[in-house]
Amino acid sequence: MPHTKSFSLIAAIDLGSNSFHMVLAKADHGEVRILERLGDKVQLAAGIDDQRMLSEEAMQRGLDCLSRFGQLIQGLPQGAVRIVGTNALREARNRGEFIRRAEAILGHQVDVISGREEARLIYLGVSHSIADTPGRRLVADIGGGSTEFIIGQQFEPLLRESLQMGCVSFTQRYFRDGKVTPARYAQAYTAARLELMGIEQALHKLGWQQAVGASGTIRAVGLAIKGGGLGNGEINIEGLGWLKRRLFKIGETEKLDIDGVKPDRRYIFPAGLAIAEAIFDALDLQRMDHSEGALREGVLYDLLGRHQHEDVRERTLSALAERYHIDLQQAARVEAKAMLALDQVADTWGLDDDWHRDLLQWAARIHEIGLDIAHYHYHKHGAYLIEHSDLAGFSRREQAMLALLVRGHRRNIPREKFAELGEDGDKLLYLCVLLRFAILFHHIRGTQEMPEVKLKAGKRSLDLTFPAGWLEANPLTQADFEQEAGWLARIDFTLKVR
């Protein structure tokens, strides 16, 4: 399990396609008390061109915003801050450049998360922010580039979906010049309905008792309806119809002077309204309430859980092991040996961060996942499953690193893939060597008593010392490690066994 840490202050930053948000909070006995909230309309998604490249101007808007955020988290230790990127960074082909510059400003890692992981965190934030009512709830979050849907009960999401529609991307497509006509609005509405067709049946099948919206768009539409005297901040059918007629009458986003719609939201409001109306019609909704809690609050509670042994990633891997029929006893033997090996070499190889221990544990636990597909090249099958599955709690980078460890746990090590990760790749290569050692050590699956082995690490070497005479008496293990020395020599790594 990950090491437990207690942070007096924790922070979450949400790099959304429309807005960047940050919350700073005090963690006390499993509860979160918000101290600061910051937000800025960066509109990152508006800076993505047809080649899916993020413009320098959009990057700079984001980095300027993060410079302001950074002042509040200066001095916070590693692990106390989590930064997540959503649809715009999922889409941008040059996201690596932006992430590198953002990390230099903030001093903390940026994780790009999948749409379904975003949905899980949104639901967590909503669940902690509204009354715990019985029955199921539908949660919808209209973002700048994607819209997430979740059906859940209490704190457990039962269904998570993410669709490629958002108020910034739809504005760029249908209302770029600020003109609002019934024909253009109908195009946006129809596009949203088409996106919804893929999931509406599954949502209806599960059903819900309450519908909750969790975004600035939902809040703005609700407040505009309230301004018209047709509600108390919720979205309802009558209010949507009135708001749409008002929008057509005004005809231009620049002249959009409606109570509840802030000036910085006018430009993207028509697209957000079209998506909201499409959701109401597709899901036969009469009412949708608003929740202040959303992605950033969900990230806070998820962060808190990681440091209190409630890490959802542990549950995810347990479910994965069950689904792919992993030999749990063998996995436990390999994990225990890998951890003992890590303790002996951690100082020399600089493997002293929590993520080093976590990744090695996780990889040991699921390294045989690919056997459920086929024995031939099962390490490659396993890596593919890990990299391309929706794994709750994991960022895309974590999945890629975990997949790389599983890919490299036997036969040839893909050195160039480790090199692509820079300094982290060097650490990951060390972890891969330790994982391979633990697997070879338990090649004979628990049927014989295994000895104590001493490990001594050098910069590009590992010395293994077995008890005198043991290897000669166990020629299969001796042959395994002789062959392993050959595999490691291919990556300029020396393994000595005595």
# chains A, B, ... in the order shown; residues from 1 in each chain; ligands from 1

call {"tool": "select_by_dssp", "arguments": {"residues": "segment 265-312 of chain A", "states": "strand (DSSP E)", "output": "JSON, numbers by chain"}}
result
{"A": [287, 288, 289, 290]}

call {"tool": "write_last_selection", "arguments": {"atoms": "all heavy atoms", "output": "PDB file, in the first residue's frame"}}
result
ATOM      1  N   ARG A 287     -36.066  18.768 -14.706  1.00  0.00           N
ATOM      2  CA  ARG A 287     -35.365  19.678 -13.797  1.00  0.00           C
ATOM      3  C   ARG A 287     -33.940  19.178 -13.586  1.00  0.00           C
ATOM      4  O   ARG A 287     -33.690  17.981 -13.547  1.00  0.00           O
ATOM      5  CB  ARG A 287     -36.119  19.714 -12.460  1.00  0.00           C
ATOM      6  CG  ARG A 287     -35.432  20.498 -11.355  1.00  0.00           C
ATOM      7  CD  ARG A 287     -36.098  20.227 -10.005  1.00  0.00           C
ATOM      8  NE  ARG A 287     -35.401  20.941  -8.928  1.00  0.00           N
ATOM      9  CZ  ARG A 287     -35.861  22.008  -8.328  1.00  0.00           C
ATOM     10  NH1 ARG A 287     -37.053  22.490  -8.645  1.00  0.00           N
ATOM     11  NH2 ARG A 287     -35.170  22.614  -7.377  1.00  0.00           N
ATOM     12  N   MET A 288     -33.010  20.126 -13.469  1.00  0.00           N
ATOM     13  CA  MET A 288     -31.627  19.789 -13.114  1.00  0.00           C
ATOM     14  C   MET A 288     -31.124  20.809 -12.103  1.00  0.00           C
ATOM     15  O   MET A 288     -31.111  22.020 -12.366  1.00  0.00           O
ATOM     16  CB  MET A 288     -30.727  19.782 -14.353  1.00  0.00           C
ATOM     17  CG  MET A 288     -29.260  19.485 -14.029  1.00  0.00           C
ATOM     18  SD  MET A 288     -28.224  19.408 -15.521  1.00  0.00           S
ATOM     19  CE  MET A 288     -28.618  17.765 -16.123  1.00  0.00           C
ATOM     20  N   ASP A 289     -30.739  20.311 -10.925  1.00  0.00           N
ATOM     21  CA  ASP A 289     -30.193  21.187  -9.882  1.00  0.00           C
ATOM     22  C   ASP A 289     -28.693  21.384 -10.096  1.00  0.00           C
ATOM     23  O   ASP A 289     -28.046  20.607 -10.809  1.00  0.00           O
ATOM     24  CB  ASP A 289     -30.458  20.579  -8.499  1.00  0.00           C
ATOM     25  CG  ASP A 289     -31.946  20.498  -8.198  1.00  0.00           C
ATOM     26  OD1 ASP A 289     -32.612  21.545  -8.250  1.00  0.00           O
ATOM     27  OD2 ASP A 289     -32.443  19.375  -7.937  1.00  0.00           O
ATOM     28  N   HIS A 290     -28.152  22.397  -9.465  1.00  0.00           N
ATOM     29  CA  HIS A 290     -26.732  22.706  -9.634  1.00  0.00           C
ATOM     30  C   HIS A 290     -25.949  22.344  -8.382  1.00  0.00           C
ATOM     31  O   HIS A 290     -26.414  22.547  -7.265  1.00  0.00           O
ATOM     32  CB  HIS A 290     -26.539  24.193  -9.943  1.00  0.00           C
ATOM     33  CG  HIS A 290     -25.083  24.581 -10.067  1.00  0.00           C
ATOM     34  ND1 HIS A 290     -24.409  25.287  -9.100  1.00  0.00           N
ATOM     35  CD2 HIS A 290     -24.178  24.305 -11.035  1.00  0.00           C
ATOM     36  CE1 HIS A 290     -23.160  25.447  -9.477  1.00  0.00           C
ATOM     37  NE2 HIS A 290     -22.996  24.870 -10.648  1.00  0.00           N
TER      38      HIS A 290
END

call {"tool": "residues_around", "arguments": {"residues": "segment 292-299 of chain A", "least_positions_apart": "2", "cutoff": "6 Å", "atoms": "only C-alpha atoms", "output": "list in words"}}
result
Ala12, Asp14, Leu121, Ile122, Leu124, Gly125, Val126, Ser129, Ala214, Tyr301, Asp302 and Leu303 of chain A

call {"tool": "residues_around", "arguments": {"residues": "Asn474 of chain A", "least_positions_apart": "6", "cutoff": "12 Å", "atoms": "only C-alpha atoms", "output": "MDAnalysis selection string"}}
result
chainID A and resid 441 443:444 448:451 466:468 480:481

call {"tool": "write_last_selection", "arguments": {"atoms": "all heavy atoms", "output": "tab-separated table (two decimals), in the first residue's frame"}}
result
chain	number	residue	atom	x	y	z
A	441	PHE	N	13.31	-14.95	-9.57
A	441	PHE	CA	13.53	-15.56	-8.26
A	441	PHE	C	12.41	-16.54	-7.93
A	441	PHE	O	12.63	-17.57	-7.31
A	441	PHE	CB	13.60	-14.45	-7.21
A	441	PHE	CG	14.07	-14.92	-5.85
A	441	PHE	CD1	15.42	-15.10	-5.59
A	441	PHE	CD2	13.16	-15.20	-4.85
A	441	PHE	CE1	15.86	-15.53	-4.34
A	441	PHE	CE2	13.58	-15.63	-3.60
A	441	PHE	CZ	14.94	-15.80	-3.34
A	443	HIS	N	10.49	-18.05	-10.29
A	443	HIS	CA	10.13	-18.77	-11.51
A	443	HIS	C	9.48	-20.12	-11.17
A	443	HIS	O	8.49	-20.53	-11.78
A	443	HIS	CB	11.38	-18.97	-12.37
A	443	HIS	CG	11.11	-19.51	-13.73
A	443	HIS	ND1	12.07	-19.66	-14.70
A	443	HIS	CD2	9.96	-19.95	-14.31
A	443	HIS	CE1	11.54	-20.16	-15.80
A	443	HIS	NE2	10.27	-20.35	-15.59
A	444	ILE	N	10.04	-20.80	-10.19
A	444	ILE	CA	9.41	-22.03	-9.69
A	444	ILE	C	8.37	-21.60	-8.67
A	444	ILE	O	8.68	-21.09	-7.60
A	444	ILE	CB	10.46	-22.96	-9.05
A	444	ILE	CG1	11.51	-23.35	-10.10
A	444	ILE	CG2	9.80	-24.20	-8.46
A	444	ILE	CD1	12.71	-24.07	-9.55
A	448	GLN	N	9.30	-24.51	-3.76
A	448	GLN	CA	10.56	-24.78	-3.07
A	448	GLN	C	10.92	-23.61	-2.16
A	448	GLN	O	10.52	-22.47	-2.38
A	448	GLN	CB	11.67	-25.09	-4.08
A	448	GLN	CG	12.53	-23.91	-4.47
A	448	GLN	CD	13.55	-24.26	-5.55
A	448	GLN	OE1	13.29	-24.14	-6.71
A	448	GLN	NE2	14.74	-24.69	-5.14
A	449	GLU	N	11.67	-23.94	-1.13
A	449	GLU	CA	12.13	-22.92	-0.18
A	449	GLU	C	13.20	-22.07	-0.86
A	449	GLU	O	14.15	-22.60	-1.44
A	449	GLU	CB	12.72	-23.62	1.06
A	449	GLU	CG	12.85	-22.71	2.26
A	449	GLU	CD	11.50	-22.33	2.85
A	449	GLU	OE1	10.56	-23.14	2.79
A	449	GLU	OE2	11.41	-21.21	3.38
A	450	MET	N	13.02	-20.74	-0.81
A	450	MET	CA	13.95	-19.84	-1.48
A	450	MET	C	14.88	-19.18	-0.46
A	450	MET	O	14.46	-18.86	0.66
A	450	MET	CB	13.20	-18.79	-2.28
A	450	MET	CG	12.32	-19.37	-3.39
A	450	MET	SD	13.23	-20.34	-4.61
A	450	MET	CE	14.16	-19.07	-5.47
A	451	PRO	N	16.12	-18.95	-0.83
A	451	PRO	CA	17.10	-18.41	0.12
A	451	PRO	C	17.06	-16.89	0.21
A	451	PRO	O	16.41	-16.21	-0.59
A	451	PRO	CB	18.42	-18.86	-0.49
A	451	PRO	CG	18.17	-18.77	-1.96
A	451	PRO	CD	16.73	-19.21	-2.14
A	466	PHE	N	23.98	-15.17	-3.69
A	466	PHE	CA	23.21	-16.27	-3.12
A	466	PHE	C	24.05	-16.98	-2.06
A	466	PHE	O	25.29	-16.88	-2.07
A	466	PHE	CB	22.83	-17.27	-4.23
A	466	PHE	CG	21.72	-16.81	-5.13
A	466	PHE	CD1	21.97	-15.91	-6.16
A	466	PHE	CD2	20.43	-17.29	-4.96
A	466	PHE	CE1	20.95	-15.50	-7.01
A	466	PHE	CE2	19.40	-16.88	-5.81
A	466	PHE	CZ	19.66	-15.99	-6.83
A	467	PRO	N	23.42	-17.72	-1.16
A	467	PRO	CA	24.19	-18.52	-0.19
A	467	PRO	C	25.13	-19.50	-0.92
A	467	PRO	O	24.81	-19.98	-2.01
A	467	PRO	CB	23.11	-19.28	0.59
A	467	PRO	CG	21.88	-18.45	0.44
A	467	PRO	CD	21.97	-17.83	-0.92
A	468	ALA	N	26.27	-19.77	-0.31
A	468	ALA	CA	27.29	-20.63	-0.93
A	468	ALA	C	26.69	-21.99	-1.31
A	468	ALA	O	26.01	-22.64	-0.50
A	468	ALA	CB	28.46	-20.83	0.04
A	480	ASP	N	18.49	-19.40	-15.42
A	480	ASP	CA	17.63	-18.22	-15.56
A	480	ASP	C	18.43	-16.93	-15.44
A	480	ASP	O	18.30	-16.01	-16.26
A	480	ASP	CB	16.54	-18.23	-14.49
A	480	ASP	CG	15.29	-18.98	-14.92
A	480	ASP	OD1	15.12	-19.20	-16.13
A	480	ASP	OD2	14.48	-19.34	-14.03
A	481	PHE	N	19.28	-16.86	-14.41
A	481	PHE	CA	20.01	-15.61	-14.18
A	481	PHE	C	21.16	-15.42	-15.16
A	481	PHE	O	21.53	-14.29	-15.49
A	481	PHE	CB	20.49	-15.54	-12.73
A	481	PHE	CG	19.40	-15.10	-11.78
A	481	PHE	CD1	18.75	-16.00	-10.97
A	481	PHE	CD2	19.00	-13.77	-11.73
A	481	PHE	CE1	17.73	-15.60	-10.11
A	481	PHE	CE2	17.99	-13.34	-10.88
A	481	PHE	CZ	17.35	-14.27	-10.07

call {"tool": "closest_atom_pairs", "arguments": {"of": "segment 24-124 of chain A", "to": "segment 135-143 of chain A", "cutoff": "9 Å", "atoms": "only C-alpha atoms", "output": "JSON lines"}}
result
{"residue": "A:Asn87", "atom": "CA", "partner": "A:Gly143", "partner_atom": "CA", "distance": 8.6}
{"residue": "A:Ala119", "atom": "CA", "partner": "A:Asp141", "partner_atom": "CA", "distance": 8.3}
{"residue": "A:Ile122", "atom": "CA", "partner": "A:Asp141", "partner_atom": "CA", "distance": 7.7}
{"residue": "A:Tyr123", "atom": "CA", "partner": "A:Val139", "partner_atom": "CA", "distance": 6.8}

call {"tool": "residues_around", "arguments": {"residues": "segment 186-201 of chain A", "least_positions_apart": "6", "cutoff": "10 Å", "atoms": "only C-alpha atoms", "output": "VMD selection string"}}
result
chain A and resid 147 149 160 to 167 170 to 171 173 to 175 207 270 to 279 281 to 283

call {"tool": "closest_residue", "arguments": {"among": "A:Ile105, A:Asp132, A:Val497, A:Ala336", "to": "Ser67 of chain A", "atoms": "only C-alpha atoms"}}
result
A:Ile105

call {"tool": "atom_distance", "arguments": {"atom1": "atom CA of Arg396 of chain A", "atom2": "atom CA of Ile113 of chain A"}}
result
5.6 Å

call {"tool": "residues_around", "arguments": {"residues": "Gly96 of chain A", "least_positions_apart": "4", "cutoff": "12 Å", "atoms": "only C-alpha atoms", "output": "ChimeraX atom specification"}}
result
/A:53-54,59,85,89-92,100-103,109-112,397,420-421

call {"tool": "closest_residue", "arguments": {"among": "A:Leu431, A:Ala202, A:Thr477, A:Leu304", "to": "Met339 of chain A", "atoms": "only C-alpha atoms"}}
result
A:Leu431

call {"tool": "closest_residue", "arguments": {"among": "A:Gln78, A:Leu340, A:Ser55, A:Leu256", "to": "Glu97 of chain A", "atoms": "only C-alpha atoms"}}
result
A:Ser55

call {"tool": "select_by_dssp", "arguments": {"residues": "segment 184-350 of chain A", "states": "alpha helix (DSSP H)", "output": "ChimeraX atom specification"}}
result
/A:184-196,200-206,216-227,237-250,269-282,295-306,312-323,328-349

call {"tool": "closest_residue", "arguments": {"among": "A:Ala131, A:Ala331, A:Leu320, A:Leu471", "to": "Leu385 of chain A", "atoms": "only C-alpha atoms"}}
result
A:Leu320

call {"tool": "closest_residue", "arguments": {"among": "A:Gly251, A:Glu156, A:Trp362, A:Gln210", "to": "Ala183 of chain A", "atoms": "only C-alpha atoms"}}
result
A:Gly251

call {"tool": "residues_around", "arguments": {"residues": "Lys454 of chain A", "least_positions_apart": "3", "cutoff": "12 Å", "atoms": "only C-alpha atoms", "output": "NGL selection string"}}
result
:A and (337 or 340-345 or 437 or 451 or 457 or 462-467 or 496-498)

call {"tool": "residues_around", "arguments": {"residues": "segment 368-370 of chain A", "least_positions_apart": "2", "cutoff": "9 Å", "atoms": "only C-alpha atoms", "output": "mmCIF file with N, CA, C and O atoms, in the first residue's frame"}}
result
data_model
loop_
_atom_site.group_PDB
_atom_site.id
_atom_site.type_symbol
_atom_site.label_atom_id
_atom_site.label_comp_id
_atom_site.auth_asym_id
_atom_site.auth_seq_id
_atom_site.Cartn_x
_atom_site.Cartn_y
_atom_site.Cartn_z
ATOM 1 N N LEU A 320 -9.050 -5.680 -11.757
ATOM 2 C CA LEU A 320 -8.342 -6.098 -12.960
ATOM 3 C C LEU A 320 -7.784 -7.514 -12.782
ATOM 4 O O LEU A 320 -7.888 -8.353 -13.685
ATOM 5 N N ALA A 321 -7.207 -7.773 -11.606
ATOM 6 C CA ALA A 321 -6.647 -9.096 -11.323
ATOM 7 C C ALA A 321 -7.727 -10.170 -11.359
ATOM 8 O O ALA A 321 -7.507 -11.278 -11.863
ATOM 9 N N TYR A 324 -8.999 -10.779 -15.112
ATOM 10 C CA TYR A 324 -8.078 -11.499 -15.993
ATOM 11 C C TYR A 324 -7.436 -12.702 -15.310
ATOM 12 O O TYR A 324 -6.391 -13.184 -15.749
ATOM 13 N N HIS A 325 -8.055 -13.174 -14.236
ATOM 14 C CA HIS A 325 -7.701 -14.456 -13.599
ATOM 15 C C HIS A 325 -6.228 -14.570 -13.250
ATOM 16 O O HIS A 325 -5.566 -15.575 -13.549
ATOM 17 N N ILE A 326 -5.697 -13.524 -12.628
ATOM 18 C CA ILE A 326 -4.289 -13.524 -12.230
ATOM 19 C C ILE A 326 -4.072 -14.504 -11.076
ATOM 20 O O ILE A 326 -4.908 -14.625 -10.173
ATOM 21 N N ASP A 327 -2.949 -15.220 -11.091
ATOM 22 C CA ASP A 327 -2.542 -16.099 -9.986
ATOM 23 C C ASP A 327 -2.123 -15.209 -8.814
ATOM 24 O O ASP A 327 -0.997 -14.699 -8.767
ATOM 25 N N ALA A 331 1.533 -13.592 -7.653
ATOM 26 C CA ALA A 331 1.677 -12.132 -7.679
ATOM 27 C C ALA A 331 2.141 -11.612 -6.325
ATOM 28 O O ALA A 331 3.000 -10.728 -6.244
ATOM 29 N N ALA A 364 4.182 -5.666 -10.135
ATOM 30 C CA ALA A 364 4.356 -7.031 -9.623
ATOM 31 C C ALA A 364 3.003 -7.730 -9.494
ATOM 32 O O ALA A 364 2.868 -8.920 -9.786
ATOM 33 N N ARG A 365 2.013 -6.958 -9.089
ATOM 34 C CA ARG A 365 0.696 -7.525 -8.826
ATOM 35 C C ARG A 365 -0.007 -7.960 -10.112
ATOM 36 O O ARG A 365 -0.775 -8.918 -10.108
ATOM 37 N N ILE A 366 0.236 -7.250 -11.221
ATOM 38 C CA ILE A 366 -0.538 -7.545 -12.438
ATOM 39 C C ILE A 366 0.344 -7.871 -13.639
ATOM 40 O O ILE A 366 -0.104 -7.823 -14.778
ATOM 41 N N ASP A 372 -4.117 -14.137 -19.813
ATOM 42 C CA ASP A 372 -5.522 -14.444 -20.079
ATOM 43 C C ASP A 372 -5.860 -14.272 -21.560
ATOM 44 O O ASP A 372 -6.896 -14.739 -22.011
ATOM 45 N N ILE A 373 -4.980 -13.585 -22.297
ATOM 46 C CA ILE A 373 -5.170 -13.415 -23.745
ATOM 47 C C ILE A 373 -4.469 -14.558 -24.486
ATOM 48 O O ILE A 373 -5.087 -15.287 -25.255
ATOM 49 N N ALA A 374 -3.175 -14.719 -24.242
ATOM 50 C CA ALA A 374 -2.395 -15.797 -24.860
ATOM 51 C C ALA A 374 -1.034 -15.849 -24.187
ATOM 52 O O ALA A 374 -0.530 -14.822 -23.715
ATOM 53 N N HIS A 375 -0.413 -17.055 -24.164
ATOM 54 C CA HIS A 375 0.903 -17.147 -23.534
ATOM 55 C C HIS A 375 1.974 -16.506 -24.404
ATOM 56 O O HIS A 375 2.891 -15.860 -23.901
ATOM 57 N N HIS A 377 3.949 -13.948 -26.202
ATOM 58 C CA HIS A 377 4.058 -12.490 -26.060
ATOM 59 C C HIS A 377 3.073 -11.937 -25.030
ATOM 60 O O HIS A 377 2.552 -10.833 -25.192
ATOM 61 N N TYR A 378 2.839 -12.680 -23.952
ATOM 62 C CA TYR A 378 1.827 -12.214 -22.997
ATOM 63 C C TYR A 378 2.211 -10.911 -22.316
ATOM 64 O O TYR A 378 1.349 -10.153 -21.862
ATOM 65 N N HIS A 379 3.531 -10.613 -22.241
ATOM 66 C CA HIS A 379 3.946 -9.337 -21.658
ATOM 67 C C HIS A 379 3.479 -8.162 -22.524
ATOM 68 O O HIS A 379 3.120 -7.107 -22.002
ATOM 69 N N LYS A 380 3.448 -8.377 -23.858
ATOM 70 C CA LYS A 380 2.968 -7.328 -24.768
ATOM 71 C C LYS A 380 1.448 -7.184 -24.683
ATOM 72 O O LYS A 380 0.912 -6.069 -24.709
ATOM 73 N N HIS A 381 0.744 -8.321 -24.574
ATOM 74 C CA HIS A 381 -0.716 -8.257 -24.415
ATOM 75 C C HIS A 381 -1.063 -7.504 -23.123
ATOM 76 O O HIS A 381 -1.983 -6.683 -23.098
ATOM 77 N N GLY A 382 -0.335 -7.817 -22.047
ATOM 78 C CA GLY A 382 -0.594 -7.172 -20.756
ATOM 79 C C GLY A 382 -0.370 -5.673 -20.810
ATOM 80 O O GLY A 382 -1.169 -4.884 -20.290
ATOM 81 N N ALA A 383 0.726 -5.270 -21.473
ATOM 82 C CA ALA A 383 1.029 -3.841 -21.589
ATOM 83 C C ALA A 383 -0.075 -3.119 -22.348
ATOM 84 O O ALA A 383 -0.494 -2.010 -21.974
ATOM 85 N N TYR A 384 -0.574 -3.752 -23.419
ATOM 86 C CA TYR A 384 -1.640 -3.133 -24.209
ATOM 87 C C TYR A 384 -2.902 -2.959 -23.369
ATOM 88 O O TYR A 384 -3.539 -1.889 -23.399
ATOM 89 N N LEU A 385 -3.281 -3.996 -22.629
ATOM 90 C CA LEU A 385 -4.477 -3.917 -21.796
ATOM 91 C C LEU A 385 -4.373 -2.787 -20.783
ATOM 92 O O LEU A 385 -5.320 -2.028 -20.568
ATOM 93 N N ILE A 386 -3.217 -2.662 -20.152
ATOM 94 C CA ILE A 386 -3.043 -1.642 -19.110
ATOM 95 C C ILE A 386 -3.061 -0.238 -19.706
ATOM 96 O O ILE A 386 -3.695 0.672 -19.173
ATOM 97 N N VAL A 406 5.268 -3.614 -17.281
ATOM 98 C CA VAL A 406 4.744 -4.937 -17.625
ATOM 99 C C VAL A 406 5.314 -5.389 -18.977
ATOM 100 O O VAL A 406 5.674 -6.562 -19.148
#

call {"tool": "closest_residue", "arguments": {"among": "A:Val334, A:Trp349, A:His128, A:Leu429", "to": "Lys456 of chain A", "atoms": "only C-alpha atoms"}}
result
A:Trp349

call {"tool": "atom_distance", "arguments": {"atom1": "atom CA of Arg245 of chain A", "atom2": "atom CA of Arg219 of chain A"}}
result
19.1 Å
